[in-house]
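> Just one file: upload.cif, with mmCIF, C-alpha atoms.
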```
data_coords
loop_
_atom_site.label_atom_id
_atom_site.label_comp_id
_atom_site.auth_asym_id
_atom_site.auth_seq_id
_atom_site.Cartn_x
_atom_site.Cartn_y
_atom_site.Cartn_z
CA GLN F 1371 14.72 121.73 72.36
CA VAL F 1372 17.82 123.34 70.91
CA GLN F 1373 18.55 124.35 67.34
CA VAL F 1374 22.15 124.40 66.15
CA VAL F 1375 23.31 126.21 63.01
CA GLU F 1376 26.85 126.14 61.62
CA SER F 1377 28.47 128.63 59.27
CA GLY F 1378 31.88 129.52 57.90
CA GLY F 1379 32.90 126.55 55.82
CA GLY F 1380 34.48 126.86 52.41
CA LEU F 1381 37.40 126.05 50.17
CA VAL F 1382 40.92 127.00 51.21
CA GLN F 1383 44.44 126.12 50.14
CA ALA F 1384 46.69 124.03 52.33
CA GLY F 1385 48.28 126.18 55.00
CA GLY F 1386 45.34 128.53 55.07
CA SER F 1387 42.82 129.31 57.79
CA LEU F 1388 39.07 129.19 58.30
CA ARG F 1389 36.82 130.08 61.19
CA LEU F 1390 33.65 128.13 61.81
CA SER F 1391 30.80 129.44 63.91
CA CYS F 1392 27.96 127.56 65.56
CA ALA F 1393 24.97 129.30 67.11
CA ALA F 1394 22.55 127.52 69.42
CA SER F 1395 19.03 128.73 70.12
CA GLY F 1396 16.09 127.51 72.16
CA SER F 1397 16.67 126.01 75.61
CA THR F 1398 20.30 127.06 75.68
CA PHE F 1399 20.35 127.30 79.48
CA ARG F 1400 20.27 123.50 79.53
CA ILE F 1401 23.42 123.16 77.39
CA ASN F 1402 26.63 122.01 79.01
CA ALA F 1403 29.09 121.12 76.30
CA MET F 1404 29.32 122.25 72.70
CA GLY F 1405 31.64 120.69 70.22
CA TRP F 1406 32.78 120.16 66.68
CA TYR F 1407 32.91 116.84 64.88
CA ARG F 1408 33.84 116.05 61.30
CA GLN F 1409 33.14 113.33 58.80
CA ALA F 1410 35.23 112.73 55.72
CA PRO F 1411 33.93 110.63 52.80
CA GLY F 1412 33.99 106.96 53.66
CA LYS F 1413 35.00 107.60 57.26
CA GLN F 1414 33.23 107.69 60.59
CA ARG F 1415 32.33 110.94 62.28
CA GLU F 1416 35.08 111.93 64.71
CA LEU F 1417 35.51 114.44 67.49
CA VAL F 1418 37.50 117.53 66.58
CA ALA F 1419 37.12 119.63 69.72
CA ASN F 1420 34.75 120.00 72.64
CA ILE F 1421 34.25 122.74 75.20
CA PRO F 1422 32.10 122.33 78.31
CA ARG F 1423 30.43 125.20 80.15
CA VAL F 1424 32.92 124.65 82.94
CA GLY F 1425 36.11 122.68 82.62
CA SER F 1426 38.76 121.87 80.10
CA THR F 1427 38.52 121.73 76.36
CA THR F 1428 39.30 118.55 74.45
CA TYR F 1429 41.02 118.26 71.08
CA ALA F 1430 41.69 115.42 68.70
CA ASP F 1431 45.40 114.73 68.49
CA SER F 1432 45.33 115.46 64.78
CA VAL F 1433 44.31 119.09 65.32
CA LYS F 1434 46.17 120.01 68.51
CA GLY F 1435 48.25 123.13 68.01
CA ARG F 1436 46.38 124.05 64.82
CA PHE F 1437 42.73 124.39 65.84
CA THR F 1438 41.28 126.41 68.69
CA ILE F 1439 37.76 126.09 70.06
CA SER F 1440 36.21 128.99 71.93
CA ARG F 1441 32.78 129.85 73.26
CA ASP F 1442 30.69 132.94 73.86
CA HIS F 1443 28.27 131.91 76.58
CA ALA F 1444 26.20 135.08 76.28
CA LYS F 1445 25.56 134.36 72.59
CA SER F 1446 25.36 130.56 72.97
CA THR F 1447 27.90 130.40 70.17
CA VAL F 1448 30.99 128.28 69.73
CA TYR F 1449 33.79 128.93 67.29
CA LEU F 1450 36.48 126.79 65.71
CA GLN F 1451 39.54 128.64 64.47
CA MET F 1452 41.38 126.38 62.07
CA ASN F 1453 44.93 127.30 61.09
CA SER F 1454 47.58 125.50 59.06
CA LEU F 1455 44.90 123.51 57.31
CA LYS F 1456 45.83 120.28 55.57
CA PRO F 1457 44.09 118.36 52.79
CA GLU F 1458 43.26 115.66 55.33
CA ASP F 1459 41.15 118.20 57.22
CA THR F 1460 38.67 118.09 54.34
CA ALA F 1461 35.32 116.95 55.72
CA VAL F 1462 31.84 118.03 56.65
CA TYR F 1463 32.10 119.71 60.03
CA TYR F 1464 29.20 119.31 62.44
CA CYS F 1465 28.47 121.23 65.59
CA ASN F 1466 26.63 119.72 68.52
CA ALA F 1467 25.23 120.85 71.82
CA ALA F 1468 24.74 118.52 74.75
CA TYR F 1469 22.53 118.96 77.79
CA PHE F 1470 23.91 118.55 81.29
CA ASP F 1471 22.38 115.06 81.44
CA GLY F 1472 24.97 113.97 78.89
CA ARG F 1473 22.40 112.01 76.92
CA THR F 1474 20.49 114.70 75.06
CA VAL F 1475 22.47 115.96 72.09
CA PHE F 1476 21.47 118.22 69.22
CA TRP F 1477 23.30 118.37 65.89
CA GLY F 1478 23.58 120.97 63.18
CA GLN F 1479 23.29 120.29 59.47
CA GLY F 1480 27.02 120.51 58.88
CA THR F 1481 29.26 122.77 56.86
CA GLN F 1482 31.72 121.65 54.22
CA VAL F 1483 35.42 122.40 54.64
CA SER F 1484 37.62 121.60 51.66
CA VAL F 1485 41.39 122.02 51.69
CA SER F 1486 43.24 121.84 48.39
CA SER F 1487 46.88 120.80 48.12
#
```
Please re-express this file's structure in structure tokens.

Amino acid sequence: QVQVVESGGGLVQAGGSLRLSCAASGSTFRINAMGWYRQAPGKQRELVANIPRVGSTTYADSVKGRFTISRDHAKSTVYLQMNSLKPEDTAVYYCNAAYFDGRTVFWGQGTQVSVSS
């Protein structure tokens, strides 16, 4: 089992920045990819960015050039640096961690990001 805990959300003005953190604990040696998803009111949860243990990162088109995902393998922690925030980035941001089998996924509780215009 893996536990995932997010932190770093908050309220920011448009154009501002926030940094989200996500720490995994438990059987972290079994984790391949970690990623960030978001869900805005009335919308489906969508991928924001994903970073595997080995390989390339993936970003949603809407955040390319503004958001950067990074990972500290030693700490089993993933970060999401969000710059040039827009009101449409307002959502609950969830972190997940996926085992190498690709089927076992653990989710955090989510952290609210609100961007005012």
> If I wrap all listed atoms of region 1443-1453 of chain F in a box with edges along x, y and z and add 6 Å on each side, what are its centre and edge lengths in Å to one decimal, as AutoDock Vina command-line options?

```
--center_x 35.1 --center_y 130.7 --center_z 68.8 --size_x 31.6 --size_y 20.7 --size_z 27.5
```
> Given the file shown, enumerate the residues that the PyMOL selection byres ((chain F and resi 1457-1466) around 6) captures and present them as a list in words.
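Output from the PyMOL selection byres ((chain F and resi 1457-1466) around 6), applied to this file: Met1404, Gly1405, Trp1406, Tyr1407, Arg1408, Gln1409, Ala1410, Lys1456, Ala1467, Phe1476, Trp1477, Gly1478, Gly1480, Thr1481, Gln1482, Val1483, Ser1484, Val1485, Ser1486 and Ser1487 of chain F.
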> For the file shown, report as a ChimeraX atom specification the outcome of the PyMOL selection byres ((chain F and resi 1430-1438) around 9) at residue level.
/F:1416-1419,1428-1429,1439-1440,1449-1455,1459
> Those selected residues, please, written with C-alpha atoms and delivered as a PDB file, in the frame of the given file.

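Done, and the output landed in result_22.pdb:
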```pdb
ATOM      1  CA  GLU F1416      35.080 111.930  64.710  1.00  0.00           C
ATOM      2  CA  LEU F1417      35.510 114.440  67.490  1.00  0.00           C
ATOM      3  CA  VAL F1418      37.500 117.530  66.580  1.00  0.00           C
ATOM      4  CA  ALA F1419      37.120 119.630  69.720  1.00  0.00           C
ATOM      5  CA  THR F1428      39.300 118.550  74.450  1.00  0.00           C
ATOM      6  CA  TYR F1429      41.020 118.260  71.080  1.00  0.00           C
ATOM      7  CA  ILE F1439      37.760 126.090  70.060  1.00  0.00           C
ATOM      8  CA  SER F1440      36.210 128.990  71.930  1.00  0.00           C
ATOM      9  CA  TYR F1449      33.790 128.930  67.290  1.00  0.00           C
ATOM     10  CA  LEU F1450      36.480 126.790  65.710  1.00  0.00           C
ATOM     11  CA  GLN F1451      39.540 128.640  64.470  1.00  0.00           C
ATOM     12  CA  MET F1452      41.380 126.380  62.070  1.00  0.00           C
ATOM     13  CA  ASN F1453      44.930 127.300  61.090  1.00  0.00           C
ATOM     14  CA  SER F1454      47.580 125.500  59.060  1.00  0.00           C
ATOM     15  CA  LEU F1455      44.900 123.510  57.310  1.00  0.00           C
ATOM     16  CA  ASP F1459      41.150 118.200  57.220  1.00  0.00           C
TER      17      ASP F1459
END
```
> What is the CA of Pro1422 (chain F) to CA of Ala1393 (chain F) distance in Å?
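Answer for the CA of Pro1422 (chain F) to CA of Ala1393 (chain F) separation: 15.0 Å.
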> Using the chain letters and numbers from the file, which residues does the PyMOL selection byres ((chain F and resi 1390-1392) around 6) grab, as a list in words?
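Evaluating the PyMOL selection byres ((chain F and resi 1390-1392) around 6) on these coordinates yields Val1375, Glu1376, Ser1377, Gly1378, Arg1389, Ala1393, Thr1447, Val1448, Tyr1449 and Leu1450 of chain F.
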> For the atom pair CA of Val1475 (chain F) and CA of Ser1446 (chain F), what is the interatomic distance in Å to one decimal place?
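So the two atoms, CA of Val1475 (chain F) and CA of Ser1446 (chain F), lie 14.9 Å apart.
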> Could you tell me which of F:Val1374, F:Ala1468, F:Val1424, F:Ala1444 comes closest to Gly1396 (chain F) if we count only C-alpha atoms?
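Checking each candidate against Gly1396 (chain F), we get F:Val1374 as the closest.
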> Which of these residues is nearest to His1443 (chain F), using all atoms listed in the file: F:Ala1394, F:Leu1381, F:Thr1474, F:Asn1420?
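Looking only at the distances to His1443 (chain F), the closest residue turns out to be F:Ala1394.
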> Rank nothing, just name the residue among F:Gly1379, F:Arg1415, F:Val1372, F:Arg1441 nearest to Ile1401 (chain F), using all atoms listed in the file.
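Distance minimum relative to Ile1401 (chain F) lands on F:Val1372.
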> Mind pulling up the distance from CA of Gln1373 (chain F) to CA of Ser1426 (chain F)?
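Atom-to-atom, CA of Ser1426 (chain F) and CA of Gln1373 (chain F) are spaced 24.0 Å apart.
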> Could you check the closest approach to Asn1402 (chain F) for each of F:Arg1423, F:Ser1387, F:Gln1479, F:Lys1445 and tell me which residue wins, using all atoms listed in the file?
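Going through F:Arg1423, F:Ser1387, F:Gln1479, F:Lys1445 one by one, the smallest distance to Asn1402 (chain F) is for F:Arg1423.
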